[in-house]
$ cat coords14.txt   # compact mmCIF, C-alpha atoms
# COMPACT_ATOMS: atom_id res chain seq x y z
CA MET G 1 -0.15 213.71 -105.99
CA ASP G 2 -0.42 211.61 -109.16
CA ASP G 3 -0.77 207.83 -109.28
CA GLY G 4 2.97 207.29 -109.77
CA ASP G 5 3.85 209.42 -106.75
CA THR G 6 1.21 207.64 -104.64
CA ARG G 7 2.60 204.27 -105.65
CA GLU G 8 6.13 205.36 -104.68
CA VAL G 9 4.97 206.61 -101.27
CA VAL G 10 3.03 203.42 -100.63
CA ALA G 11 5.99 201.29 -101.74
CA ARG G 12 8.25 203.04 -99.23
CA ARG G 13 5.76 202.20 -96.50
CA TYR G 14 5.84 198.54 -97.56
CA GLY G 15 9.62 198.70 -97.36
CA GLU G 16 9.45 200.01 -93.78
CA HIS G 17 7.32 197.03 -92.74
CA LEU G 18 9.16 194.22 -94.52
CA THR G 19 12.10 192.34 -93.04
CA ASP G 20 15.03 190.89 -94.98
CA ALA G 21 13.41 187.46 -94.52
CA ASP G 22 10.24 188.83 -96.13
CA LEU G 23 12.18 190.14 -99.11
CA LEU G 24 14.03 186.84 -99.44
CA ALA G 25 10.69 185.03 -99.58
CA LEU G 26 9.41 187.43 -102.22
CA CYS G 27 12.39 186.98 -104.52
CA GLY G 28 12.40 183.18 -104.35
CA ASP G 29 15.30 182.69 -101.92
CA ARG G 30 17.79 184.63 -104.03
CA PRO G 31 19.82 186.74 -101.58
CA ASP G 32 21.41 188.75 -104.40
CA GLN G 33 17.96 190.21 -105.22
CA VAL G 34 17.22 191.54 -101.72
CA PRO G 35 19.33 194.74 -102.05
CA ALA G 36 17.46 195.65 -105.24
CA LEU G 37 14.12 195.35 -103.44
CA ARG G 38 15.46 197.56 -100.66
CA ARG G 39 16.61 200.20 -103.15
CA HIS G 40 13.45 200.05 -105.26
CA PRO G 41 10.53 199.03 -102.99
CA VAL G 42 8.02 199.61 -105.79
CA LEU G 43 9.25 196.25 -107.11
CA VAL G 44 7.67 194.69 -104.02
CA LEU G 45 4.25 195.84 -105.20
CA ASP G 46 4.91 194.34 -108.63
CA LEU G 47 5.92 191.02 -107.09
CA LEU G 48 2.87 190.83 -104.81
CA ASP G 49 0.64 191.46 -107.81
CA ARG G 50 1.95 188.20 -109.31
CA THR G 51 -0.37 185.38 -108.32
CA PRO G 52 2.37 182.71 -107.90
CA VAL G 53 4.38 185.01 -105.61
CA ALA G 54 1.41 185.91 -103.40
CA ASP G 55 0.30 182.27 -103.27
CA ALA G 56 3.79 181.14 -102.25
CA VAL G 57 3.70 183.55 -99.30
CA LEU G 58 0.23 182.40 -98.28
CA ARG G 59 1.15 178.72 -98.46
CA ALA G 60 4.01 179.30 -95.98
CA ASP G 61 6.31 176.80 -97.69
CA HIS G 62 9.57 175.64 -96.15
CA ASP G 63 12.76 177.16 -97.46
CA ARG G 64 15.30 175.09 -99.38
CA ALA G 65 16.96 173.89 -96.17
CA GLY G 66 13.66 172.43 -94.97
CA ARG G 67 13.25 175.03 -92.24
CA PHE G 68 10.09 177.00 -91.60
CA ARG G 69 10.12 180.33 -93.37
CA HIS G 70 9.74 183.20 -90.91
CA VAL G 71 7.85 186.05 -92.54
CA SER G 72 6.14 188.99 -90.91
CA PRO G 73 2.38 189.23 -90.37
CA PHE G 74 2.39 192.30 -92.60
CA LEU G 75 3.74 190.33 -95.57
CA VAL G 76 1.15 187.58 -95.11
CA PHE G 77 -1.73 190.03 -94.93
CA ALA G 78 -0.36 192.12 -97.79
CA ALA G 79 -0.18 188.99 -99.95
CA ALA G 80 -3.78 188.14 -99.05
CA VAL G 81 -5.00 191.65 -99.87
CA HIS G 82 -3.14 191.69 -103.21
CA ARG G 83 -4.46 188.23 -104.05
CA VAL G 84 -8.06 189.27 -103.41
CA ALA G 85 -7.58 192.55 -105.30
CA GLY G 86 -6.30 190.66 -108.33
CA ALA G 87 -9.17 188.18 -108.19
CA LEU G 88 -11.72 191.02 -108.28
CA VAL G 89 -10.61 192.26 -111.69
CA GLY G 90 -13.30 191.52 -114.28
CA ARG G 91 -15.87 190.32 -111.73
CA THR G 92 -19.43 191.61 -112.16
CA HIS G 93 -20.73 190.25 -108.86
CA VAL G 94 -19.09 189.26 -105.59
CA PRO G 95 -20.62 187.21 -102.75
CA ASP G 96 -21.34 188.88 -99.43
CA ARG G 97 -22.40 187.40 -96.11
CA THR G 98 -26.04 187.48 -95.09
CA ALA G 99 -25.63 184.85 -92.33
CA PRO G 100 -22.78 182.66 -91.00
CA ARG G 101 -23.17 180.06 -93.77
CA SER G 102 -25.04 182.12 -96.32
CA ARG G 103 -23.67 184.23 -99.17
CA VAL G 104 -25.58 186.18 -101.81
CA PRO G 105 -24.15 187.70 -105.01
CA VAL G 106 -23.93 191.49 -104.96
CA PHE G 107 -23.44 193.18 -108.31
CA ASP G 108 -20.74 195.60 -107.25
CA GLY G 109 -17.69 193.81 -108.58
CA PRO G 110 -16.33 196.78 -110.58
CA VAL G 111 -16.73 199.09 -107.56
CA LEU G 112 -14.84 196.71 -105.28
CA ALA G 113 -12.17 196.09 -107.93
CA ALA G 114 -11.57 199.83 -108.29
CA PHE G 115 -11.37 200.27 -104.52
CA ALA G 116 -8.93 197.37 -104.11
CA ALA G 117 -6.78 198.52 -107.03
CA ASP G 118 -5.79 201.70 -105.18
CA PRO G 119 -2.31 201.13 -103.67
CA ALA G 120 -3.14 203.30 -100.64
CA HIS G 121 -6.22 201.18 -99.92
CA ARG G 122 -4.21 197.95 -100.14
CA LEU G 123 -1.62 199.33 -97.76
CA PHE G 124 -4.31 200.51 -95.35
CA LEU G 125 -6.02 197.10 -95.25
CA ALA G 126 -2.76 195.18 -94.87
CA GLU G 127 -1.64 197.46 -92.04
CA LEU G 128 -5.03 197.17 -90.34
CA LEU G 129 -4.95 193.37 -90.42
CA ALA G 130 -1.32 193.17 -89.29
CA SER G 131 -2.00 195.55 -86.42
CA TYR G 132 -4.28 192.93 -84.85
CA ALA G 133 -1.66 190.19 -84.91
CA ARG G 134 -1.22 191.17 -81.26
CA LEU G 135 -3.95 192.84 -79.23
CA ALA G 136 -3.18 195.74 -76.92
CA SER G 137 -4.97 196.30 -73.63
CA GLY G 138 -4.46 198.32 -70.49
CA VAL G 139 -5.90 200.37 -67.67
CA VAL G 140 -6.44 204.12 -67.52
CA TRP G 141 -7.80 206.36 -64.80
CA ARG G 142 -10.68 208.69 -65.56
CA ARG G 143 -11.97 211.41 -63.27
CA ASP G 144 -15.73 211.85 -63.11
CA PRO G 145 -18.04 213.60 -60.57
CA GLN G 146 -17.68 210.65 -58.19
CA GLY G 147 -13.88 210.85 -58.27
CA PRO G 148 -11.13 208.85 -60.03
CA ARG G 149 -12.33 205.70 -61.77
CA ARG G 150 -10.28 202.81 -63.12
CA LEU G 151 -11.13 201.87 -66.69
CA ARG G 152 -9.97 198.64 -68.29
CA TRP G 153 -9.86 198.49 -72.07
CA ASP G 154 -8.69 196.39 -74.97
CA GLU G 155 -8.64 197.13 -78.67
CA LEU G 156 -11.66 195.01 -79.55
CA ASP G 157 -13.85 196.16 -76.64
CA LEU G 158 -15.18 199.05 -78.69
CA PRO G 159 -17.32 200.72 -75.98
CA ALA G 160 -14.41 200.73 -73.51
CA LEU G 161 -12.05 202.00 -76.21
CA ALA G 162 -14.54 204.75 -77.11
CA GLU G 163 -14.67 205.80 -73.46
CA VAL G 164 -10.88 206.05 -73.39
CA VAL G 165 -10.89 208.16 -76.57
CA LEU G 166 -13.50 210.54 -75.18
CA ALA G 167 -11.48 210.91 -71.97
CA LEU G 168 -8.47 212.22 -73.92
CA PRO G 169 -7.88 215.93 -74.53
CA GLU G 170 -9.42 216.95 -77.85
CA ASP G 171 -6.05 217.52 -79.51
CA GLN G 172 -4.89 213.99 -78.62
CA ARG G 173 -7.86 212.02 -79.91
CA ALA G 174 -6.92 211.49 -83.58
CA GLY G 175 -5.00 208.27 -82.94
CA GLY G 176 -7.79 206.96 -80.74
CA TRP G 177 -10.41 207.67 -83.40
CA ARG G 178 -8.26 205.84 -85.93
CA ARG G 179 -8.05 202.80 -83.67
CA LEU G 180 -11.75 202.83 -82.91
CA GLY G 181 -12.50 202.89 -86.64
CA ASP G 182 -10.02 200.06 -87.21
CA GLY G 183 -11.70 197.94 -84.54
CA ALA G 184 -15.17 198.51 -85.96
CA LEU G 185 -14.05 197.67 -89.50
CA PHE G 186 -12.02 194.64 -88.35
CA LEU G 187 -14.93 193.10 -86.47
CA ALA G 188 -17.44 193.87 -89.22
CA GLY G 189 -15.24 192.44 -91.96
CA VAL G 190 -13.31 189.62 -90.34
CA PHE G 191 -15.47 188.46 -87.41
CA PRO G 192 -19.06 189.52 -88.17
CA GLU G 193 -20.61 186.60 -86.26
CA TYR G 194 -18.67 187.58 -83.14
CA ALA G 195 -19.73 191.20 -83.66
CA GLU G 196 -23.36 190.13 -83.96
CA ARG G 197 -23.17 188.12 -80.73
CA THR G 198 -21.43 190.97 -78.90
CA TYR G 199 -23.31 193.99 -80.18
CA GLY G 200 -26.61 192.58 -81.40
CA TYR G 201 -29.90 192.90 -79.51
CA GLY G 202 -29.17 196.36 -78.18
CA GLY G 203 -25.51 195.81 -77.34
CA LEU G 204 -24.49 198.58 -79.71
CA THR G 205 -26.26 201.15 -77.51
CA ARG G 206 -23.08 201.16 -75.41
CA LEU G 207 -21.46 202.90 -78.39
CA ALA G 208 -24.13 205.61 -78.65
CA PRO G 209 -21.82 208.40 -77.38
CA VAL G 210 -19.68 208.01 -80.52
CA ALA G 211 -21.93 206.19 -82.98
CA GLY G 212 -25.18 208.00 -82.22
CA PRO G 213 -28.56 206.31 -81.71
CA ARG G 214 -28.91 203.91 -84.63
CA GLU G 215 -30.84 200.83 -85.61
CA GLY G 216 -30.12 198.17 -88.18
CA PRO G 217 -27.83 195.21 -88.84
CA VAL G 218 -24.71 195.22 -86.68
CA THR G 219 -22.39 195.06 -89.69
CA GLU G 220 -23.90 198.23 -91.17
CA LEU G 221 -23.75 200.01 -87.82
CA LEU G 222 -20.08 199.14 -87.41
CA GLU G 223 -19.38 200.37 -90.94
CA ALA G 224 -21.05 203.66 -90.05
CA LEU G 225 -19.07 203.89 -86.82
CA ALA G 226 -15.84 203.29 -88.74
CA GLY G 227 -16.69 206.07 -91.17
CA ARG G 228 -17.47 208.53 -88.37
CA ALA G 229 -14.32 207.63 -86.44
CA TYR G 230 -12.08 207.82 -89.52
CA ALA G 231 -13.51 211.24 -90.42
CA ARG G 232 -12.13 212.47 -87.07
CA ALA G 233 -8.78 210.68 -87.43
CA GLY G 234 -7.24 213.10 -89.91
CA ALA G 235 -4.95 212.39 -92.84
CA ALA G 236 -3.82 208.97 -91.54
CA VAL G 237 -6.82 207.34 -93.24
CA PRO G 238 -7.14 207.38 -97.06
CA PRO G 239 -10.11 209.49 -98.22
CA GLY G 240 -11.54 206.52 -100.11
CA VAL G 241 -11.81 204.53 -96.87
CA VAL G 242 -13.42 207.44 -95.03
CA GLU G 243 -15.96 207.83 -97.83
CA SER G 244 -16.65 204.11 -98.28
CA PRO G 245 -16.03 201.99 -95.19
CA HIS G 246 -18.53 199.60 -96.81
CA ALA G 247 -16.11 198.83 -99.66
CA ALA G 248 -13.25 198.40 -97.17
CA ARG G 249 -15.38 195.99 -95.13
CA ARG G 250 -16.31 193.98 -98.24
CA VAL G 251 -12.66 193.51 -99.22
CA LEU G 252 -11.72 192.55 -95.66
CA ALA G 253 -14.53 189.98 -95.66
CA LEU G 254 -13.18 188.43 -98.87
CA VAL G 255 -9.66 188.28 -97.41
CA ALA G 256 -11.06 186.62 -94.29
CA ASP G 257 -13.18 184.10 -96.17
CA HIS G 258 -10.48 183.04 -98.63
CA HIS G 259 -7.28 183.33 -96.63
CA LEU G 260 -7.89 183.59 -92.87
CA HIS G 261 -10.79 181.53 -91.58
CA ALA G 262 -9.66 178.35 -93.30
CA GLN G 263 -6.58 178.38 -91.05
CA ALA G 264 -7.93 179.91 -87.85
CA GLY G 265 -10.70 179.51 -85.31
CA SER G 266 -14.00 181.37 -85.29
CA GLY G 267 -13.37 184.14 -82.77
CA PRO G 268 -11.21 187.26 -82.75
CA ALA G 269 -8.74 185.79 -80.29
CA ALA G 270 -8.03 182.97 -82.73
CA GLY G 271 -7.29 185.33 -85.58
CA ALA G 272 -5.37 188.00 -83.68
CA ARG G 273 -2.49 186.38 -81.88

$ encode --input "coords14.txt" --output "structure tokens"
Amino acid sequence: MDDGDTREVVARRYGEHLTDADLLALCGDRPDQVPALRRHPVLVLDLLDRTPVADAVLRADHDRAGRFRHVSPFLVFAAAVHRVAGALVGRTHVPDRTAPRSRVPVFDGPVLAAFAADPAHRLFLAELLASYARLASGVVWRRDPQGPRRLRWDELDLPALAEVVLALPEDQRAGGWRRLGDGALFLAGVFPEYAERTYGYGGLTRLAPVAGPREGPVTELLEALAGRAYARAGAAVPPGVVESPHAARRVLALVADHHLHAQAGSGPAAGAR
């Protein structure tokens, strides 16, 4: 599949996510333009690549009648991802977290810019972020040698989610692996301080059945877990993300720093409502 075909496929996926209110926001409140965006969704990608359009979505302005504009979480996160991707062009170094209030320049700007320029990667990151606008949780029953056992889980309790995945029949695990990888990447990129508090000081040993026995910074371990989980998830994850969860985490961290944490609290519950 060449770049043009990939862009068309990705654009159709954007079109599936976006509401008419989203399209109206993108075309500057001109209802006559909405049908054209529906017919040619690749135009949506072109619009989001325009800094003023992406910024208008992220500012959440009122419409002309003074009412709040209701746009989908996917559009907001897509605008943030496109905005960060555009800002990476021409950068030689990009800051990365070393501590909650500490950033150091890392000279991998061209690598990150190339990763973020891929339309499939932008779609993947926007879908990942939007998928945590609401958290899922539940209860499953697992049979072990002692008999049936009730297992509570939620999407950001990675050890519990891993246990649920391993309890599934082998041929039904792909979706669970995808979600486990998403959770690891989301926490590492968007809420690394929470991840450190939760899985630091040996807490990550609870993930040993799927992550293997590892040592090192929590962020790096979660990146490795994401890569392992995505490798088992099948074609739903772009190869570039499977091969470089580190680049995906870096872009997510930039989105979080520039567009999410300034408007939200400091924990995952605050950013995933």

$ closest_atom_pairs --input "coords14.txt" --of "segment 90-162 of chain G" --to "segment 188-192 of chain G" --cutoff "12 Å" --atoms "only C-alpha atoms" --output "Markdown table"
| residue | atom | partner | partner_atom | distance |
| --- | --- | --- | --- | --- |
| G:Asp96 | CA | G:Gly189 | CA | 10.3 |
| G:Arg97 | CA | G:Pro192 | CA | 8.9 |
| G:Thr98 | CA | G:Pro192 | CA | 10.0 |
| G:Ala99 | CA | G:Pro192 | CA | 9.1 |
| G:Pro100 | CA | G:Pro192 | CA | 8.3 |
| G:Arg101 | CA | G:Pro192 | CA | 11.7 |
| G:Leu125 | CA | G:Gly189 | CA | 10.8 |
| G:Leu128 | CA | G:Val190 | CA | 11.2 |
| G:Leu129 | CA | G:Val190 | CA | 9.2 |
| G:Tyr132 | CA | G:Val190 | CA | 11.1 |
| G:Leu156 | CA | G:Phe191 | CA | 10.9 |
| G:Leu158 | CA | G:Ala188 | CA | 12.0 |

$ closest_residue --input "coords14.txt" --among "G:Gly28, G:Pro41, G:Gly109, G:Pro159" --to "Leu180 of chain G" --atoms "all atoms listed in the file"
G:Pro159

$ residues_around --input "coords14.txt" --residues "Leu222 of chain G" --least-positions-apart "5" --cutoff "9 Å" --atoms "only C-alpha atoms" --output "ChimeraX atom specification"
/G:181,183-185,187-188,195,204,211,217,227

$ write_last_selection --input "coords14.txt" --atoms "C-alpha atoms" --output "PDB file, in the frame of the given file"
ATOM      1  CA  GLY G 181     -12.500 202.890 -86.640  1.00  0.00           C
ATOM      2  CA  GLY G 183     -11.700 197.940 -84.540  1.00  0.00           C
ATOM      3  CA  ALA G 184     -15.170 198.510 -85.960  1.00  0.00           C
ATOM      4  CA  LEU G 185     -14.050 197.670 -89.500  1.00  0.00           C
ATOM      5  CA  LEU G 187     -14.930 193.100 -86.470  1.00  0.00           C
ATOM      6  CA  ALA G 188     -17.440 193.870 -89.220  1.00  0.00           C
ATOM      7  CA  ALA G 195     -19.730 191.200 -83.660  1.00  0.00           C
ATOM      8  CA  LEU G 204     -24.490 198.580 -79.710  1.00  0.00           C
ATOM      9  CA  ALA G 211     -21.930 206.190 -82.980  1.00  0.00           C
ATOM     10  CA  PRO G 217     -27.830 195.210 -88.840  1.00  0.00           C
ATOM     11  CA  GLY G 227     -16.690 206.070 -91.170  1.00  0.00           C
TER      12      GLY G 227
END

$ atom_distance --input "coords14.txt" --atom1 "atom CA of Pro119 of chain G" --atom2 "atom CA of Thr6 of chain G"
7.5 Å

$ residues_around --input "coords14.txt" --residues "Pro105 of chain G" --least-positions-apart "6" --cutoff "7 Å" --atoms "only C-alpha atoms" --output "list in words"
His93, Val94, Pro95 and Asp96 of chain G

$ closest_residue --input "coords14.txt" --among "G:Leu161, G:Leu24, G:Val44, G:Ala136" --to "Arg206 of chain G" --atoms "only C-alpha atoms"
G:Leu161
